[in-house]
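File shown here: my_file-v9.csv, holding CSV, C-alpha atoms and all ligand atoms.
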```
chain,number,residue,atom,x,y,z
R,1,MET,CA,-13.5,-5.1,22.8
R,2,VAL,CA,-10.0,-5.1,21.4
R,3,ASN,CA,-9.1,-5.9,17.8
R,4,ILE,CA,-5.8,-7.7,17.6
R,5,GLY,CA,-3.9,-8.0,14.4
R,6,LEU,CA,-1.4,-10.9,13.9
R,7,LEU,CA,1.3,-10.1,11.4
R,8,GLY,CA,4.6,-11.7,10.3
R,9,TYR,CA,6.6,-12.9,7.3
R,10,LYS,CA,5.5,-16.1,5.6
R,11,ASN,CA,5.7,-19.4,7.4
R,12,VAL,CA,6.5,-18.0,10.9
R,13,GLY,CA,3.5,-19.8,12.5
R,14,LYS,CA,0.7,-17.3,12.5
R,15,THR,CA,-2.1,-19.7,11.5
R,16,SER,CA,-0.8,-22.3,13.9
R,17,LEU,CA,-1.4,-19.8,16.7
R,18,PHE,CA,-5.1,-19.6,15.8
R,19,THR,CA,-5.3,-23.4,16.2
R,20,LEU,CA,-3.4,-23.4,19.5
R,21,PHE,CA,-5.5,-20.5,20.7
R,22,LYS,CA,-8.8,-22.4,19.9
R,23,GLU,CA,-7.6,-25.3,22.0
R,24,THR,CA,-6.7,-23.2,25.1
R,25,LYS,CA,-8.7,-23.6,28.2
R,26,GLY,CA,-10.2,-20.3,29.5
R,27,VAL,CA,-10.4,-18.9,26.0
R,28,LYS,CA,-13.7,-19.3,24.2
R,29,VAL,CA,-13.7,-18.9,20.5
R,30,LEU,CA,-17.2,-17.8,19.5
R,31,THR,CA,-17.0,-17.5,15.7
R,32,GLY,CA,-14.5,-17.3,12.9
R,33,GLN,CA,-12.6,-19.0,10.3
R,34,PHE,CA,-9.0,-19.8,9.8
R,35,GLY,CA,-6.6,-22.2,8.2
R,36,SER,CA,-7.9,-22.0,4.6
R,37,SER,CA,-4.8,-21.8,2.6
R,38,ARG,CA,-2.9,-22.4,-0.7
R,39,GLU,CA,-0.4,-25.2,0.0
R,40,GLY,CA,-0.2,-24.2,3.6
R,41,HIS,CA,0.0,-20.5,3.0
R,42,THR,CA,-2.7,-18.1,4.1
R,43,VAL,CA,-4.0,-16.2,1.1
R,44,THR,CA,-6.8,-14.1,2.6
R,45,MET,CA,-7.8,-13.7,6.3
R,46,ASP,CA,-7.6,-15.7,9.4
R,47,PHE,CA,-10.3,-14.4,11.8
R,48,ILE,CA,-11.8,-15.3,15.2
R,49,ARG,CA,-13.9,-13.6,17.7
R,50,PHE,CA,-13.3,-14.9,21.3
R,51,THR,CA,-14.1,-14.1,24.9
R,52,ASN,CA,-11.6,-13.8,27.7
R,53,GLU,CA,-12.3,-12.8,31.3
R,54,GLY,CA,-15.9,-11.9,30.3
R,55,LYS,CA,-14.9,-9.6,27.5
R,56,MET,CA,-15.2,-10.1,23.7
R,57,HIS,CA,-12.3,-9.5,21.4
R,58,SER,CA,-11.2,-10.3,17.9
R,59,LEU,CA,-8.0,-11.8,16.5
R,60,PHE,CA,-7.2,-11.6,12.8
R,61,GLY,CA,-4.3,-11.9,10.4
R,62,THR,CA,-3.2,-12.7,6.9
R,63,GLY,CA,-0.3,-14.6,5.2
R,64,GLY,CA,3.1,-13.2,4.9
R,65,HIS,CA,3.3,-13.3,1.1
R,66,GLU,CA,3.2,-10.5,-1.4
R,67,TRP,CA,0.4,-12.0,-3.4
R,68,ARG,CA,-2.1,-9.2,-4.4
R,69,LEU,CA,-5.0,-10.7,-2.5
R,70,THR,CA,-2.8,-11.2,0.6
R,71,VAL,CA,-1.5,-7.6,0.5
R,72,TYR,CA,-5.1,-6.4,0.1
R,73,HIS,CA,-6.2,-8.3,3.2
R,74,ARG,CA,-3.1,-7.2,5.1
R,75,ASN,CA,-4.1,-3.6,4.6
R,76,TYR,CA,-7.4,-4.5,6.4
R,77,VAL,CA,-5.5,-5.9,9.3
R,78,LEU,CA,-3.4,-2.7,9.5
R,79,LYS,CA,-6.4,-0.4,9.3
R,80,ASN,CA,-8.6,-2.3,11.7
R,81,ALA,CA,-6.4,-3.6,14.5
R,82,ASP,CA,-6.0,-1.7,17.7
R,83,ASN,CA,-3.0,-3.7,18.9
R,84,PHE,CA,-0.6,-6.1,17.1
R,85,VAL,CA,1.2,-9.4,17.7
R,86,CYS,CA,4.3,-9.4,15.5
R,87,MET,CA,5.6,-12.9,15.0
R,88,PHE,CA,9.1,-13.9,13.9
R,89,ASP,CA,10.6,-17.4,13.2
R,90,LEU,CA,13.7,-17.8,15.4
R,91,SER,CA,15.0,-20.7,13.2
R,92,VAL,CA,15.6,-18.7,10.0
R,93,PRO,CA,17.5,-15.4,9.3
R,94,SER,CA,16.0,-12.2,10.8
R,95,GLU,CA,16.7,-9.9,7.8
R,96,PRO,CA,13.8,-10.7,5.5
R,97,GLN,CA,11.5,-10.9,8.4
R,98,LEU,CA,12.5,-7.4,9.6
R,99,GLU,CA,12.2,-6.0,6.0
R,100,PHE,CA,8.6,-7.3,6.0
R,101,PHE,CA,7.8,-5.1,9.0
R,102,LYS,CA,9.8,-2.1,7.9
R,103,LYS,CA,7.5,-1.8,4.9
R,104,LEU,CA,4.3,-1.8,6.9
R,105,GLU,CA,2.4,1.2,8.1
R,106,ILE,CA,2.2,-0.4,11.5
R,107,LEU,CA,5.1,1.8,12.4
R,108,ALA,CA,3.1,4.9,11.8
R,109,ASN,CA,0.5,4.1,14.4
R,110,PRO,CA,1.6,5.4,17.7
R,111,LYS,CA,-1.6,4.5,19.5
R,112,GLY,CA,-1.4,0.8,19.5
R,113,LYS,CA,0.4,-1.7,21.6
R,114,LEU,CA,2.6,-4.5,20.4
R,115,VAL,CA,3.8,-7.9,21.6
R,116,ILE,CA,6.5,-9.6,19.7
R,117,ALA,CA,6.4,-13.4,19.5
R,118,LEU,CA,9.7,-15.0,18.6
R,119,ASN,CA,8.3,-18.4,17.5
R,120,LYS,CA,9.7,-21.9,16.8
R,121,TYR,CA,11.8,-21.8,20.0
R,122,ASP,CA,11.7,-25.6,19.9
R,123,LEU,CA,13.8,-25.6,16.8
R,124,VAL,CA,16.6,-23.5,18.3
R,125,LYS,CA,16.2,-24.6,21.9
R,126,GLU,CA,18.8,-22.1,23.1
R,127,GLU,CA,18.3,-19.0,25.2
R,128,SER,CA,21.2,-17.4,23.5
R,129,VAL,CA,19.6,-17.6,20.1
R,130,PHE,CA,16.5,-16.0,21.5
R,131,GLU,CA,18.5,-13.2,23.2
R,132,THR,CA,20.5,-12.4,20.0
R,133,PHE,CA,17.4,-12.3,17.9
R,134,LYS,CA,15.7,-10.1,20.5
R,135,GLN,CA,18.6,-7.7,20.5
R,136,THR,CA,18.6,-7.5,16.7
R,137,ILE,CA,14.9,-6.5,16.8
R,138,GLU,CA,15.4,-4.0,19.5
R,139,GLU,CA,18.4,-2.4,17.7
R,140,SER,CA,16.5,-2.3,14.4
R,141,ARG,CA,14.0,0.1,15.9
R,142,PHE,CA,11.3,-1.0,13.5
R,143,ILE,CA,8.8,-0.5,16.3
R,144,SER,CA,10.1,2.8,17.6
R,145,THR,CA,6.8,4.6,17.5
R,146,ILE,CA,4.6,1.9,19.0
R,147,LYS,CA,4.5,0.8,22.6
R,148,THR,CA,6.1,-2.6,22.9
R,149,VAL,CA,4.6,-4.6,25.8
R,150,LYS,CA,6.8,-7.7,25.7
R,151,ILE,CA,9.1,-9.9,23.6
R,152,LEU,CA,8.3,-13.5,24.2
R,153,PRO,CA,9.8,-16.9,23.1
R,154,THR,CA,7.0,-19.0,21.7
R,155,VAL,CA,6.0,-22.3,20.2
R,156,ALA,CA,2.8,-22.2,18.2
R,157,VAL,CA,2.3,-25.9,17.7
R,158,PRO,CA,1.4,-28.0,20.8
R,159,LYS,CA,4.5,-29.8,21.8
R,160,ASN,CA,5.5,-31.9,24.9
R,161,GLY,CA,8.2,-30.3,27.0
R,162,TYR,CA,7.4,-26.9,25.5
R,163,GLU,CA,4.2,-26.2,27.4
R,164,LYS,CA,5.6,-22.9,28.8
R,165,PHE,CA,6.3,-21.7,25.2
R,166,ASN,CA,2.8,-22.8,24.1
R,167,GLU,CA,1.4,-20.7,26.9
R,168,ASN,CA,3.6,-17.8,25.9
R,169,ALA,CA,2.1,-17.9,22.4
R,170,VAL,CA,-1.4,-17.6,23.8
R,171,LYS,CA,-0.2,-15.0,26.3
R,172,ALA,CA,1.1,-12.9,23.4
R,173,VAL,CA,-2.5,-12.3,22.4
R,174,LEU,CA,-4.1,-12.1,25.8
R,175,LEU,CA,-1.6,-9.4,27.0
R,176,LEU,CA,-3.2,-7.2,24.4
R,177,CYS,CA,-6.7,-7.6,25.5
R,178,ASP,CA,-6.9,-4.5,27.6
W,1,LIG,N1,8.6,-26.7,15.2
W,1,LIG,C1,7.7,-25.7,15.1
W,1,LIG,N2,7.0,-25.6,13.9
W,1,LIG,C2,6.0,-24.6,13.9
W,1,LIG,C3,5.8,-23.7,14.9
W,1,LIG,N3,4.9,-22.8,14.6
W,1,LIG,C4,4.5,-23.2,13.3
W,1,LIG,N4,5.2,-24.3,12.9
W,1,LIG,C5,5.1,-24.9,11.6
W,1,LIG,O1,5.5,-24.0,10.6
W,1,LIG,C6,4.8,-24.2,9.4
W,1,LIG,C7,4.1,-22.8,9.0
W,1,LIG,O2,3.1,-22.5,10.0
W,1,LIG,P1,1.9,-21.6,9.6
W,1,LIG,O3,1.1,-21.4,10.9
W,1,LIG,O4,1.1,-22.1,8.5
W,1,LIG,O5,2.6,-20.3,9.2
W,1,LIG,P2,2.0,-18.9,8.7
W,1,LIG,O6,2.8,-17.8,9.4
W,1,LIG,O7,0.5,-18.9,8.9
W,1,LIG,O8,2.4,-18.9,7.2
W,1,LIG,P3,1.7,-18.0,6.0
W,1,LIG,O9,0.2,-18.1,6.1
W,1,LIG,O10,2.2,-18.6,4.7
W,1,LIG,O11,2.2,-16.6,6.2
W,1,LIG,C8,3.8,-25.3,9.7
W,1,LIG,O12,4.4,-26.5,9.2
W,1,LIG,C9,3.7,-25.3,11.2
W,1,LIG,O13,3.4,-26.6,11.7
W,1,LIG,C10,6.6,-23.8,16.1
W,1,LIG,O14,6.6,-23.1,17.1
W,1,LIG,N5,7.6,-24.9,16.1
W,2,MG,MG,-1.0,-18.6,7.7
```
Starting from the file, lay out its structure as structure tokens.
Ligand SMILES: Nc1nc2c(ncn2[C@@H]2O[C@H](COP(=O)(O)OP(=O)(O)OP(=O)(O)O)[C@@H](O)[C@H]2O)c(=O)[nH]1
Ligand SMILES: [Mg+2]
Amino acid sequence: MVNIGLLGYKNVGKTSLFTLFKETKGVKVLTGQFGSSREGHTVTMDFIRFTNEGKMHSLFGTGGHEWRLTVYHRNYVLKNADNFVCMFDLSVPSEPQLEFFKKLEILANPKGKLVIALNKYDLVKEESVFETFKQTIEESRFISTIKTVKILPTVAVPKNGYEKFNENAVKAVLLLCD
């Protein structure tokens, strides 16, 4: 059983990934709750328990805001996750998103594994935007102590023509299941 934490700045698409994940064939969501929010922003915890390839895992995350209750829940994510999906929004500037991660203790956990999802690829549509964003993250070294498995371009809402990127969003989680 692997506990997977999903983190990222506000509005990047974290809760959307839970919905996409639930609709994915081959993944069975057993229990959990997600999507309760304040005007679309997650205040407390999104959580599911699921099975994949005969094993049970959990996926959980919070909103990207600095509300006290959200920070409180984010600390639970940081303390309890073995591995992390770090999500970014490709369609908005990287600086505040990187600042969000720099402040987190995730960087101090050398044991875990990390997948980085560069989300909302459908809004930028260009490989070059993805490559530049990826390079910015690599050069920022915010993840220097933790093993980065993969940096993937993703789309977290189901969208025709972007099936490969929807699959990547699910893959971001499944890659961390062992
Ligand atoms: N076009 C596009 N829209 C997306 C994508 N992923 C999420 N969205 C939209 O972005 C908005 C924010 O998505 P959420 O999933 O609520 O974002 P979040 O990271 O959970 O936000 P917080 O809980 O506030 O931190 C919603 O309107 C989603 O429909 C994507 O890949 N492409
Ligand atoms: Mg949310």
As a quick test: using only C-alpha atoms and all ligand atoms, which residues lie no more than 12 Å away from ligand MG 2 (chain W)? Give them as a ChimeraX atom specification. /R:6-19,33-47,60-65,70,74,87,156
Mind writing the picked residues with C-alpha atoms as a PDB file, keeping the file's coordinate frame?
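Listed below is the output, selection-v8.pdb:
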```
ATOM      1  CA  LEU R   6      -1.400 -10.900  13.900  1.00  0.00           C
ATOM      2  CA  LEU R   7       1.300 -10.100  11.400  1.00  0.00           C
ATOM      3  CA  GLY R   8       4.600 -11.700  10.300  1.00  0.00           C
ATOM      4  CA  TYR R   9       6.600 -12.900   7.300  1.00  0.00           C
ATOM      5  CA  LYS R  10       5.500 -16.100   5.600  1.00  0.00           C
ATOM      6  CA  ASN R  11       5.700 -19.400   7.400  1.00  0.00           C
ATOM      7  CA  VAL R  12       6.500 -18.000  10.900  1.00  0.00           C
ATOM      8  CA  GLY R  13       3.500 -19.800  12.500  1.00  0.00           C
ATOM      9  CA  LYS R  14       0.700 -17.300  12.500  1.00  0.00           C
ATOM     10  CA  THR R  15      -2.100 -19.700  11.500  1.00  0.00           C
ATOM     11  CA  SER R  16      -0.800 -22.300  13.900  1.00  0.00           C
ATOM     12  CA  LEU R  17      -1.400 -19.800  16.700  1.00  0.00           C
ATOM     13  CA  PHE R  18      -5.100 -19.600  15.800  1.00  0.00           C
ATOM     14  CA  THR R  19      -5.300 -23.400  16.200  1.00  0.00           C
ATOM     15  CA  GLN R  33     -12.600 -19.000  10.300  1.00  0.00           C
ATOM     16  CA  PHE R  34      -9.000 -19.800   9.800  1.00  0.00           C
ATOM     17  CA  GLY R  35      -6.600 -22.200   8.200  1.00  0.00           C
ATOM     18  CA  SER R  36      -7.900 -22.000   4.600  1.00  0.00           C
ATOM     19  CA  SER R  37      -4.800 -21.800   2.600  1.00  0.00           C
ATOM     20  CA  ARG R  38      -2.900 -22.400  -0.700  1.00  0.00           C
ATOM     21  CA  GLU R  39      -0.400 -25.200   0.000  1.00  0.00           C
ATOM     22  CA  GLY R  40      -0.200 -24.200   3.600  1.00  0.00           C
ATOM     23  CA  HIS R  41       0.000 -20.500   3.000  1.00  0.00           C
ATOM     24  CA  THR R  42      -2.700 -18.100   4.100  1.00  0.00           C
ATOM     25  CA  VAL R  43      -4.000 -16.200   1.100  1.00  0.00           C
ATOM     26  CA  THR R  44      -6.800 -14.100   2.600  1.00  0.00           C
ATOM     27  CA  MET R  45      -7.800 -13.700   6.300  1.00  0.00           C
ATOM     28  CA  ASP R  46      -7.600 -15.700   9.400  1.00  0.00           C
ATOM     29  CA  PHE R  47     -10.300 -14.400  11.800  1.00  0.00           C
ATOM     30  CA  PHE R  60      -7.200 -11.600  12.800  1.00  0.00           C
ATOM     31  CA  GLY R  61      -4.300 -11.900  10.400  1.00  0.00           C
ATOM     32  CA  THR R  62      -3.200 -12.700   6.900  1.00  0.00           C
ATOM     33  CA  GLY R  63      -0.300 -14.600   5.200  1.00  0.00           C
ATOM     34  CA  GLY R  64       3.100 -13.200   4.900  1.00  0.00           C
ATOM     35  CA  HIS R  65       3.300 -13.300   1.100  1.00  0.00           C
ATOM     36  CA  THR R  70      -2.800 -11.200   0.600  1.00  0.00           C
ATOM     37  CA  ARG R  74      -3.100  -7.200   5.100  1.00  0.00           C
ATOM     38  CA  MET R  87       5.600 -12.900  15.000  1.00  0.00           C
ATOM     39  CA  ALA R 156       2.800 -22.200  18.200  1.00  0.00           C
TER      40      ALA R 156
END
```
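Note that atom O14 of ligand LIG 1 (chain W) and CA of Leu123 in chain R are 7.6 Å apart.
Minimum atom-to-atom distance to Ile146 in chain R, evaluated using only C-alpha atoms, belongs to R:Phe84 out of R:Phe84, R:Phe165, R:Phe133, R:Trp67.
The spacing separating atom C4 of ligand LIG 1 (chain W) from CA of Pro158 in chain R amounts to 9.4 Å.
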Just the residues within 12 Å of Ile137 in chain R, please, counting all atoms listed in the file, with nothing from its chain fewer than 2 positions along; format it as number ranges by chain. R: 86-88, 90, 93-95, 97-99, 101-102, 116-118, 130-135, 139-144, 148, 151
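Among the candidate residues R:His73, R:Lys79, R:His57, R:Lys147, the one lying nearest to Val27 in chain R is R:His57, with distances computed using all atoms listed in the file.
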Might you pull out every residue within 10 Å of range 162-164 of chain R, with only C-alpha atoms counted and same-chain residues fewer than 4 positions away left off, and present them as a compact mmCIF listing (two decimals) with C-alpha atoms, keeping the file's coordinate frame?
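Printed below is selection_26.txt as written:
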```txt
# COMPACT_ATOMS: atom_id res chain seq x y z
CA TYR R 121 11.80 -21.80 20.00
CA ASP R 122 11.70 -25.60 19.90
CA LYS R 125 16.20 -24.60 21.90
CA PRO R 153 9.80 -16.90 23.10
CA THR R 154 7.00 -19.00 21.70
CA VAL R 155 6.00 -22.30 20.20
CA ALA R 156 2.80 -22.20 18.20
CA VAL R 157 2.30 -25.90 17.70
CA PRO R 158 1.40 -28.00 20.80
CA ASN R 168 3.60 -17.80 25.90
CA ALA R 169 2.10 -17.90 22.40
```
Point-to-point distance from CA of Gly26 in chain R to CA of Phe50 in chain R, Å rounded to tenths: 10.3 Å
Return the single residue from R:Lys28, R:Leu59, R:Asn166, R:Asn75 that is closest to ligand LIG 1 (chain W), with distances computed using all atoms listed in the file. R:Asn166
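Distances from R:Val149, R:Met1, R:Val173, R:Leu114 to Leu20 in chain R were compared using all atoms listed in the file, and the smallest one belongs to R:Val173.
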